[in-house]
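S.K.: Sharing a structure with you now.
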Amino acid sequence: MTIEMTGRPAADRPIKVLFVCTGNSARSIIAEALLRHEGASAFDVSSAGTEPKGINPYTLRVLEEVGIDASFARSRSVNEFLDVRFDYVITVCDQARQVCPVFPGEHESLHWGLLDPAAVEGTDEEKMAAFRRTATELRGRIDRFITVARRVQSGAIAPS
């Protein structure tokens, strides 16, 4: 994980997070859905892609399996967010990390390099297994992120 800290989220508002990947079809959408679900009103979450492709149907299936409503989901371009200030910008693929634009203001940039489940070829079950692995890995990272982001916001720990 790469960390570049230049500010701290304000304690009186939701923590603003943007997840970025290349296509905004799988990893970033799953991360957004999980943080929306697990973080509830403490977080204001969005996702975007450097080259948005539309949402992969397996993304919707895996979110449905874990009981998360993905009706909010829409594949968007990072260009829609260039004037938005975030507390955290998290890239979830190496390619997006390399081409992610610079966002305004003070924020922490994190990188969670994840394999692309949409790149898996094979049977329907093999593809679903890849999406399940991604969702499981993201859930663990999201759970840890929520704890740390809330502590940073409250001032209980200093940003690194």
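Chains: A, B, ... in order of the structure tokens. Residues: from 1 per chain. Ligands: from 1, in order shown.
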Got a sec: who's within 10 Å of A:Ser28, counting only C-alpha atoms, leaving out chain neighbours fewer than 2 positions off, as a compact mmCIF listing (two decimals) with C-alpha atoms, in the first residue's frame?

M.R.:
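Writing done, so here's out_29.txt:
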```
# COMPACT_ATOMS: atom_id res chain seq x y z
CA LEU A 18 -13.01 7.83 -4.47
CA PHE A 19 -12.06 4.36 -5.76
CA VAL A 20 -10.37 4.38 -9.17
CA CYS A 21 -9.60 1.57 -11.60
CA THR A 22 -9.27 1.39 -15.34
CA GLY A 23 -12.72 0.28 -16.48
CA ASN A 24 -14.86 1.07 -13.42
CA SER A 25 -16.58 -2.21 -14.15
CA ALA A 26 -15.57 -4.51 -11.30
CA ILE A 30 -17.27 -3.59 -5.62
CA ALA A 31 -15.10 -1.44 -3.35
CA GLU A 32 -17.59 1.44 -3.55
CA ALA A 33 -20.52 -0.87 -2.75
CA LEU A 34 -18.75 -2.48 0.19
CA SER A 46 -17.78 7.19 -5.32
CA SER A 47 -15.91 5.21 -7.94
CA ALA A 48 -14.63 5.99 -11.40
CA GLY A 49 -12.50 4.64 -14.20
CA THR A 59 -19.99 -7.49 -10.42
CA SER A 75 -19.64 3.31 -14.61
CA ILE A 90 -7.74 4.79 -3.68
CA THR A 91 -6.56 3.14 -6.88
CA VAL A 92 -7.36 -0.56 -7.09
CA CYS A 93 -5.33 -1.50 -10.15
CA LEU A 138 -11.80 -5.95 -0.77
```

S.K.: Please identify all polymer residues within 12 Å of A:Gly67, counting only C-alpha atoms, omitting same-chain residues fewer than 4 positions from it, and present them as a ChimeraX atom specification.

M.R.: /A:33-34,37-38,60-63

S.K.: Emit the selected residues as a CSV table (one decimal), in the first residue's frame, including N, CA, C and O atoms.

M.R.:
```csv
chain,number,residue,atom,x,y,z
A,33,ALA,N,-19.3,-0.3,-3.4
A,33,ALA,CA,-20.5,-0.9,-2.8
A,33,ALA,C,-20.2,-1.4,-1.3
A,33,ALA,O,-21.0,-1.1,-0.4
A,34,LEU,N,-19.1,-2.0,-1.1
A,34,LEU,CA,-18.7,-2.5,0.2
A,34,LEU,C,-18.6,-1.3,1.2
A,34,LEU,O,-19.1,-1.4,2.3
A,37,HIS,N,-21.9,0.2,2.1
A,37,HIS,CA,-22.6,-0.7,3.0
A,37,HIS,C,-22.0,-0.8,4.4
A,37,HIS,O,-22.7,-0.6,5.4
A,38,GLU,N,-20.7,-1.0,4.5
A,38,GLU,CA,-20.1,-1.2,5.8
A,38,GLU,C,-19.9,0.2,6.5
A,38,GLU,O,-19.9,0.2,7.7
A,60,LEU,N,-22.4,-7.3,-10.5
A,60,LEU,CA,-23.7,-7.2,-9.9
A,60,LEU,C,-24.1,-8.5,-9.2
A,60,LEU,O,-24.7,-8.5,-8.2
A,61,ARG,N,-23.7,-9.6,-9.8
A,61,ARG,CA,-24.1,-10.9,-9.3
A,61,ARG,C,-23.4,-11.1,-7.9
A,61,ARG,O,-24.0,-11.6,-7.0
A,62,VAL,N,-22.1,-10.8,-7.8
A,62,VAL,CA,-21.4,-11.0,-6.6
A,62,VAL,C,-21.9,-10.1,-5.5
A,62,VAL,O,-22.0,-10.5,-4.3
A,63,LEU,N,-22.3,-8.9,-5.8
A,63,LEU,CA,-22.8,-8.0,-4.8
A,63,LEU,C,-24.2,-8.5,-4.4
A,63,LEU,O,-24.5,-8.4,-3.2
```

S.K.: Output as a ChimeraX atom specification all residues of stretch 34-135 of chain A that backbone DSSP marks as strand (DSSP E or B).

M.R.: /A:43-49,77,88-91,108-111

S.K.: Measuring atom to atom with only C-alpha atoms, identify which of A:Lys16, A:Ala130, A:Asp116, A:Gly122 is nearest to A:Leu35.

M.R.: A:Lys16

S.K.: Measuring atom to atom with only C-alpha atoms, identify which of A:Ser77, A:Gly39, A:Val89, A:Asp83 is nearest to A:Arg144.

M.R.: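 The closest residue to A:Arg144 is A:Gly39.
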
S.K.: Mind giving me the straight-line distance from atom CA of A:Lys53 to atom CA of A:Arg76 in Å, one decimal?

M.R.: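 Taking atom CA of A:Lys53 and atom CA of A:Arg76, their separation equals 8.5 Å.
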
S.K.: Find the residue from A:Ala129, A:Ile55, A:Val84, A:Trp112 that sits nearest to A:Ala70; use only C-alpha atoms when measuring.

M.R.: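 Smallest separation from A:Ala70 among the options: A:Ile55.
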
S.K.: Work out how far apart atom CA of A:Arg139 and atom CA of A:Arg27 are and give it in Å to one decimal.

M.R.: 11.3 Å

S.K.: With a distance cut-off of 8 Å and only C-alpha atoms, select the neighbouring residues of A:Phe131, excluding the residue or stretch itself and same-chain residues fewer than 2 positions from it, and output the selection as a list in words.

M.R.: Tyr58, Thr59, Val62, Pro117, Ala118, Lys127, Met128, Ala129, Arg133, Thr134 and Ala135 of chain A

S.K.: Would you output that residue set with C-alpha atoms, as a PDB file, in the first residue's frame?

M.R.:
```
ATOM      1  CA  TYR A  58     -20.536 -10.570 -12.603  1.00  0.00           C
ATOM      2  CA  THR A  59     -19.986  -7.495 -10.422  1.00  0.00           C
ATOM      3  CA  VAL A  62     -21.375 -11.011  -6.596  1.00  0.00           C
ATOM      4  CA  PRO A 117     -11.565 -10.553 -11.987  1.00  0.00           C
ATOM      5  CA  ALA A 118     -12.981  -9.485 -15.360  1.00  0.00           C
ATOM      6  CA  LYS A 127     -15.509 -16.282 -13.431  1.00  0.00           C
ATOM      7  CA  MET A 128     -17.801 -16.020 -10.391  1.00  0.00           C
ATOM      8  CA  ALA A 129     -15.056 -17.511  -8.219  1.00  0.00           C
ATOM      9  CA  ARG A 133     -12.142 -13.658  -4.360  1.00  0.00           C
ATOM     10  CA  THR A 134     -11.992  -9.965  -5.268  1.00  0.00           C
ATOM     11  CA  ALA A 135     -15.003  -9.145  -3.088  1.00  0.00           C
TER      12      ALA A 135
END
```

S.K.: What parts of stretch 16-150 of chain A does DSSP call alpha helix (DSSP H)? I'd like the answer as a ChimeraX atom specification.

M.R.: /A:27-39,57-65,94-99,124-150

S.K.: If I take atom CA of A:Asp44 and atom CA of A:Tyr88, how far is one from the other in Å, to one decimal?

M.R.: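 According to the coordinates, atom CA of A:Asp44 and atom CA of A:Tyr88 are separated by 10.5 Å.
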